[in-house]
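S.K.: Got a file for you: final35.pdb, PDB, C-alpha atoms and all ligand atoms.
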ATOM      1  CA  MET A  18     121.331 121.403 128.654
ATOM      2  CA  ALA A  19     121.664 118.257 126.536
ATOM      3  CA  THR A  20     120.961 118.842 122.867
ATOM      4  CA  THR A  21     118.440 116.590 121.116
ATOM      5  CA  ASP A  22     119.044 117.838 117.552
ATOM      6  CA  HIS A  23     120.751 114.599 116.517
ATOM      7  CA  LEU A  24     117.818 112.450 117.630
ATOM      8  CA  ILE A  25     114.811 111.295 115.679
ATOM      9  CA  ILE A  26     111.624 109.783 117.068
ATOM     10  CA  CYS A  27     109.603 107.128 115.257
ATOM     11  CA  GLU A  28     106.212 108.712 114.600
ATOM     12  CA  HIS A  29     104.492 105.339 114.914
ATOM     13  CA  CYS A  30     105.893 103.931 118.172
ATOM     14  CA  ASP A  31     107.911 106.804 119.748
ATOM     15  CA  CYS A  32     111.169 104.848 119.716
ATOM     16  CA  VAL A  33     114.184 107.218 119.741
ATOM     17  CA  TYR A  34     117.119 106.885 117.330
ATOM     18  CA  GLU A  35     120.166 108.842 116.270
ATOM     19  CA  LYS A  36     119.896 110.484 112.856
ATOM     20  CA  VAL A  37     122.180 109.304 110.073
ATOM     21  CA  THR A  38     123.179 110.849 106.752
ATOM     22  CA  LEU A  39     121.587 108.926 103.923
ATOM     23  CA  ALA A  40     122.950 108.181 100.473
ATOM     24  CA  LYS A  41     120.842 107.991  97.301
ATOM     25  CA  TYR A  42     117.848 105.602  97.424
ATOM     26  CA  GLN A  43     118.461 104.834 101.119
ATOM     27  CA  LYS A  44     115.942 104.999 103.916
ATOM     28  CA  THR A  45     116.016 104.123 107.588
ATOM     29  CA  LEU A  46     113.379 101.946 109.230
ATOM     30  CA  CYS A  47     112.348 101.613 112.845
ATOM     31  CA  THR A  48     113.649  98.291 114.188
ATOM     32  CA  ARG A  49     110.693  97.988 116.543
ATOM     33  CA  CYS A  50     107.705  98.706 114.269
ATOM     34  CA  GLY A  51     109.195  98.875 110.771
ATOM     35  CA  GLY A  52     107.953 102.453 110.157
ATOM     36  CA  VAL A  53     110.018 104.742 107.905
ATOM     37  CA  LEU A  54     112.187 107.149 109.931
ATOM     38  CA  GLN A  55     114.134 108.960 107.231
ATOM     39  CA  ARG A  56     114.095 108.761 103.440
ATOM     40  CA  TYR A  57     116.738 110.187 101.123
ATOM     41  CA  ASN A  58     115.589 113.267  99.256
ATOM     42  CA  GLY A  59     118.130 114.958  97.044
ATOM     43  CA  LEU A  60     116.154 118.191  96.622
ATOM     44  CA  THR A  61     117.990 121.441  97.300
ATOM     45  CA  LEU A  62     116.069 124.438  98.637
ATOM     46  CA  GLN A  63     116.028 126.026  95.182
ATOM     47  CA  GLN A  64     114.696 122.882  93.525
ATOM     48  CA  ARG A  65     112.029 122.443  96.173
ATOM     49  CA  LEU A  66     110.900 126.053  95.822
ATOM     50  CA  ALA A  67     110.839 125.784  92.017
ATOM     51  CA  LEU A  68     108.748 122.602  92.234
ATOM     52  CA  THR A  69     106.431 124.253  94.758
ATOM     53  CA  LEU A  70     105.816 127.211  92.440
ATOM     54  CA  THR A  71     105.134 124.786  89.566
ATOM     55  CA  ALA A  72     102.730 122.897  91.832
ATOM     56  CA  LEU A  73     100.936 126.165  92.607
ATOM     57  CA  MET A  74     100.394 126.725  88.864
ATOM     58  CA  LEU A  75      99.086 123.166  88.547
ATOM     59  CA  TRP A  76      96.742 123.719  91.507
ATOM     60  CA  ILE A  77      95.273 126.700  89.651
ATOM     61  CA  PHE A  78      94.820 124.600  86.491
ATOM     62  CA  ALA A  79      93.325 121.712  88.493
ATOM     63  CA  ASN A  80      90.805 124.008  90.170
ATOM     64  CA  PHE A  81      89.764 126.370  87.408
ATOM     65  CA  TYR A  82      89.693 124.010  84.424
ATOM     66  CA  PRO A  83      87.188 121.167  84.056
ATOM     67  CA  VAL A  84      88.283 117.788  85.366
ATOM     68  CA  MET A  85      86.060 116.155  82.768
ATOM     69  CA  SER A  86      83.455 117.009  80.164
ATOM     70  CA  ILE A  87      80.559 114.717  79.314
ATOM     71  CA  SER A  88      78.245 114.875  76.353
ATOM     72  CA  LEU A  89      75.171 112.932  75.282
ATOM     73  CA  LYS A  90      73.088 113.571  72.169
ATOM     74  CA  GLY A  91      74.373 117.110  71.754
ATOM     75  CA  LEU A  92      74.008 118.040  75.430
ATOM     76  CA  LYS A  93      77.312 118.991  77.000
ATOM     77  CA  ASN A  94      78.372 119.448  80.602
ATOM     78  CA  SER A  95      81.696 119.885  82.355
ATOM     79  CA  ALA A  96      82.686 119.967  85.991
ATOM     80  CA  THR A  97      85.575 121.418  87.962
ATOM     81  CA  LEU A  98      86.722 120.191  91.384
ATOM     82  CA  TRP A  99      84.729 122.963  93.014
ATOM     83  CA  ASP A 100      81.583 121.942  91.080
ATOM     84  CA  SER A 101      81.931 118.441  92.504
ATOM     85  CA  VAL A 102      82.158 119.839  96.047
ATOM     86  CA  MET A 103      79.070 121.991  95.446
ATOM     87  CA  ALA A 104      77.192 118.973  94.057
ATOM     88  CA  LEU A 105      78.104 116.986  97.178
ATOM     89  CA  SER A 106      76.928 119.826  99.426
ATOM     90  CA  LEU A 107      73.457 119.584  97.849
ATOM     91  CA  GLY A 108      73.274 115.880  98.660
ATOM     92  CA  PRO A 109      72.087 114.205 101.875
ATOM     93  CA  ILE A 110      75.487 114.346 103.644
ATOM     94  CA  THR A 111      76.670 117.976 103.533
ATOM     95  CA  PHE A 112      79.490 117.113 105.946
ATOM     96  CA  ILE A 113      81.173 115.004 103.236
ATOM     97  CA  ALA A 114      81.333 118.071 100.971
ATOM     98  CA  MET A 115      83.345 119.898 103.634
ATOM     99  CA  VAL A 116      85.757 116.974 104.031
ATOM    100  CA  ALA A 117      86.125 116.741 100.246
ATOM    101  CA  ALA A 118      86.801 120.480  99.960
ATOM    102  CA  ILE A 119      89.490 120.264 102.650
ATOM    103  CA  ALA A 120      91.133 117.151 101.183
ATOM    104  CA  MET A 121      91.077 118.225  97.517
ATOM    105  CA  ILE A 122      91.314 122.017  97.560
ATOM    106  CA  ILE A 123      91.990 123.710 100.890
ATOM    107  CA  ALA A 124      94.704 121.515 102.453
ATOM    108  CA  PRO A 125      96.875 121.378  99.286
ATOM    109  CA  ILE A 126      96.754 125.146  98.692
ATOM    110  CA  PHE A 127      97.640 125.893 102.327
ATOM    111  CA  GLN A 128     100.523 123.420 102.103
ATOM    112  CA  LEU A 129     101.803 125.134  98.969
ATOM    113  CA  LEU A 130     101.480 128.661 100.376
ATOM    114  CA  LEU A 131     103.203 127.688 103.639
ATOM    115  CA  LEU A 132     106.012 125.998 101.693
ATOM    116  CA  ILE A 133     106.511 129.044  99.464
ATOM    117  CA  TRP A 134     106.596 131.278 102.546
ATOM    118  CA  VAL A 135     109.118 129.105 104.427
ATOM    119  CA  LEU A 136     111.295 128.265 101.406
ATOM    120  CA  GLY A 137     111.329 131.851 100.136
ATOM    121  CA  TYR A 138     112.959 132.960 103.368
ATOM    122  CA  ALA A 139     115.107 129.820 103.519
ATOM    123  CA  LEU A 140     116.721 130.796 100.211
ATOM    124  CA  ALA A 141     118.081 133.893 101.940
ATOM    125  CA  SER A 142     119.285 131.600 104.786
ATOM    126  CA  ARG A 143     116.709 133.038 107.113
ATOM    127  CA  ARG A 144     113.949 131.613 109.228
ATOM    128  CA  SER A 145     110.638 132.965 108.026
ATOM    129  CA  PRO A 146     108.421 134.834 110.491
ATOM    130  CA  ALA A 147     106.200 132.293 112.299
ATOM    131  CA  PHE A 148     108.521 129.490 111.127
ATOM    132  CA  LYS A 149     107.525 127.079 113.908
ATOM    133  CA  PHE A 150     103.830 127.733 113.291
ATOM    134  CA  CYS A 151     104.239 127.101 109.542
ATOM    135  CA  MET A 152     106.226 123.891 110.028
ATOM    136  CA  ARG A 153     103.719 122.518 112.526
ATOM    137  CA  TRP A 154     100.865 123.260 110.120
ATOM    138  CA  LEU A 155     102.714 121.624 107.233
ATOM    139  CA  GLU A 156     102.927 118.500 109.380
ATOM    140  CA  THR A 157      99.258 118.764 110.438
ATOM    141  CA  LEU A 158      97.976 119.290 106.893
ATOM    142  CA  ARG A 159      99.907 116.393 105.344
ATOM    143  CA  PRO A 160      97.428 113.622 106.248
ATOM    144  CA  TRP A 161      94.501 115.867 105.218
ATOM    145  CA  SER A 162      95.802 116.494 101.739
ATOM    146  CA  MET A 163      94.397 113.601  99.711
ATOM    147  CA  LEU A 164      94.824 114.580  96.080
ATOM    148  CA  GLU A 165      95.771 111.047  95.061
ATOM    149  CA  VAL A 166      92.471 109.723  96.453
ATOM    150  CA  CYS A 167      90.616 112.440  94.544
ATOM    151  CA  LEU A 168      92.556 111.564  91.379
ATOM    152  CA  LEU A 169      91.648 107.888  91.702
ATOM    153  CA  GLY A 170      87.987 108.824  92.197
ATOM    154  CA  ALA A 171      88.005 111.063  89.121
ATOM    155  CA  MET A 172      89.647 108.346  87.017
ATOM    156  CA  VAL A 173      87.126 105.729  88.149
ATOM    157  CA  ALA A 174      84.314 108.177  87.241
ATOM    158  CA  VAL A 175      85.827 108.823  83.789
ATOM    159  CA  ILE A 176      86.156 105.089  83.037
ATOM    160  CA  LYS A 177      82.703 104.176  84.405
ATOM    161  CA  LEU A 178      80.897 107.011  82.595
ATOM    162  CA  ALA A 179      82.756 106.313  79.354
ATOM    163  CA  GLY A 180      80.569 103.182  79.018
ATOM    164  CA  PHE A 181      77.398 105.110  78.273
ATOM    165  CA  LEU A 182      78.350 108.768  77.697
ATOM    166  CA  ASP A 183      81.001 110.587  75.690
ATOM    167  CA  VAL A 184      83.561 111.472  78.325
ATOM    168  CA  LEU A 185      86.530 113.717  77.704
ATOM    169  CA  PRO A 186      89.159 114.065  80.452
ATOM    170  CA  GLY A 187      89.857 117.778  80.934
ATOM    171  CA  ILE A 188      92.950 119.881  81.574
ATOM    172  CA  GLY A 189      91.980 119.819  85.251
ATOM    173  CA  LEU A 190      92.414 116.027  85.427
ATOM    174  CA  ILE A 191      95.885 116.114  83.867
ATOM    175  CA  ALA A 192      96.923 118.953  86.200
ATOM    176  CA  LEU A 193      95.506 117.009  89.156
ATOM    177  CA  ALA A 194      97.490 113.900  88.210
ATOM    178  CA  ILE A 195     100.810 115.749  87.993
ATOM    179  CA  LEU A 196     100.024 117.829  91.091
ATOM    180  CA  SER A 197      99.296 114.782  93.251
ATOM    181  CA  LEU A 198     102.650 113.252  92.279
ATOM    182  CA  MET A 199     104.473 116.519  92.951
ATOM    183  CA  MET A 200     102.880 116.965  96.370
ATOM    184  CA  ILE A 201     104.347 113.630  97.474
ATOM    185  CA  ARG A 202     107.793 114.843  96.404
ATOM    186  CA  ILE A 203     107.727 118.371  97.840
ATOM    187  CA  ALA A 204     105.482 118.198 100.892
ATOM    188  CA  GLY A 205     106.347 114.747 102.249
ATOM    189  CA  ARG A 206     107.847 113.740 105.556
ATOM    190  CA  ASP A 207     111.291 115.038 104.576
ATOM    191  CA  ILE A 208     110.305 118.720 104.908
ATOM    192  CA  ARG A 209     111.449 118.164 108.497
ATOM    193  CA  GLU A 210     114.981 118.669 107.189
ATOM    194  CA  LEU A 211     114.186 122.381 107.186
ATOM    195  CA  TRP A 212     114.282 122.336 110.994
ATOM    196  CA  ASP A 213     117.955 121.349 110.786
ATOM    197  CA  ILE A 214     118.894 123.570 107.848
ATOM    198  CA  LEU A 215     117.439 126.720 109.384
TER
HETATM  199 ZN    ZN B   1     108.621 102.617 115.341
END
Would you write out, as structure tokens, the structure that this file holds?

M.R.:
Amino acid sequence: MATTDHLIICEHCDCVYEKVTLAKYQKTLCTRCGGVLQRYNGLTLQQRLALTLTALMLWIFANFYPVMSISLKGLKNSATLWDSVMALSLGPITFIAMVAAIAMIIAPIFQLLLLIWVLGYALASRRSPAFKFCMRWLETLRPWSMLEVCLLGAMVAVIKLAGFLDVLPGIGLIALAILSLMMIRIAGRDIRELWDIL
């Protein structure tokens, strides 16, 4: 049977190419649609696992510490990510609360747990149990994880509210900012390399 391990398919237009080894800062583009096929990522398994564990800590900070605190004439209030989801669920469109919870909280934590599971075994040069299942879910969850959108929203809220209330960005917001950057680095398209490594 012909092996297809050396081939890569453009996820935008299904054009098939042969994989190449990339040097630093290089990426390969689809000649038909211009989509990115491969991007250099110098992370070793150990580094990726270490970053994933750090990201897990940041996720905890982002979810259990207030994203911002507001005060007006002695009255104080602070809100975590979960509080914002609960507030949305009380509004007219409950469905949006579910989408927000998936995009800000549920998808990122599942991505992190799946990565820790797969990478933990990968360190011992082994395929984790349910490896295929985990890798497919990592791919499925990627577009659902929208921490950067959530971060932008929180920053817009902080700046807007600062005009007429005393607003203090919380630990949660700082953790969220770093976490959203880290997620791009550790859970991006290049996790596909694990298929080849293992
Ligand atoms: Zn293409």

S.K.: Tell me which protein, DNA and RNA residues are within 7 Å of Leu164 in chain A, counting only C-alpha atoms, leaving out same-chain ones fewer than 5 positions away, and put them as a PDB file with C-alpha atoms, keeping the file's coordinate frame.

M.R.:
ATOM      1  CA  ALA A 120      91.133 117.151 101.183  1.00  0.00           C
ATOM      2  CA  MET A 121      91.077 118.225  97.517  1.00  0.00           C
ATOM      3  CA  SER A 197      99.296 114.782  93.251  1.00  0.00           C
TER       4      SER A 197
END

S.K.: Return as a VMD selection string every polymer residue, whether protein, DNA or RNA, with at least one atom no more than 8 Å from an atom of ligand ZN 1 (chain B); count all atoms listed in the file.

M.R.: chain A and resid 26 to 32 46 to 54

S.K.: Just the number, please: distance in Å from CA of Pro83 in chain A to CA of Leu66 in chain A, one decimal.

M.R.: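 Separation between CA of Pro83 in chain A and CA of Leu66 in chain A: 26.9 Å.
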
S.K.: Just say which residues the PyMOL selection byres (((chain A and resi 106-118) around 12) and not hetatm) picks in this file, as number ranges by chain.

M.R.: A: 80, 98-105, 119-126, 161-164, 166-167, 170

S.K.: So, counting only C-alpha atoms, which residue among A:Trp154, A:Tyr42, A:Tyr34, A:Phe127 is closest to Arg56 in chain A?

M.R.: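 Ranked by minimum distance to Arg56 in chain A, first place goes to A:Tyr42.
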
S.K.: From the set A:Ala96, A:Cys151, A:Leu130, A:Ile188, which residue has the shortest atom-to-atom contact distance to Ala72 in chain A, counting all atoms listed in the file?

M.R.: A:Leu130

S.K.: Identify all residues satisfying the PyMOL selection byres (((chain A and resi 203-213) around 7) and not hetatm) in the given file; provide them as a count of residues only.

M.R.: 9

S.K.: Apply the PyMOL selection byres (((chain A and resi 139) around 10) and not hetatm) to the structure shown and report the selected residues as a ChimeraX atom specification.

M.R.: /A:62-63,66,133-138,140-145,211,214-215

S.K.: Mind giving me the straight-line distance from CA of Pro186 in chain A to CA of Val84 in chain A in Å, one decimal?

M.R.: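 Separation of CA of Pro186 in chain A and CA of Val84 in chain A: 6.2 Å.
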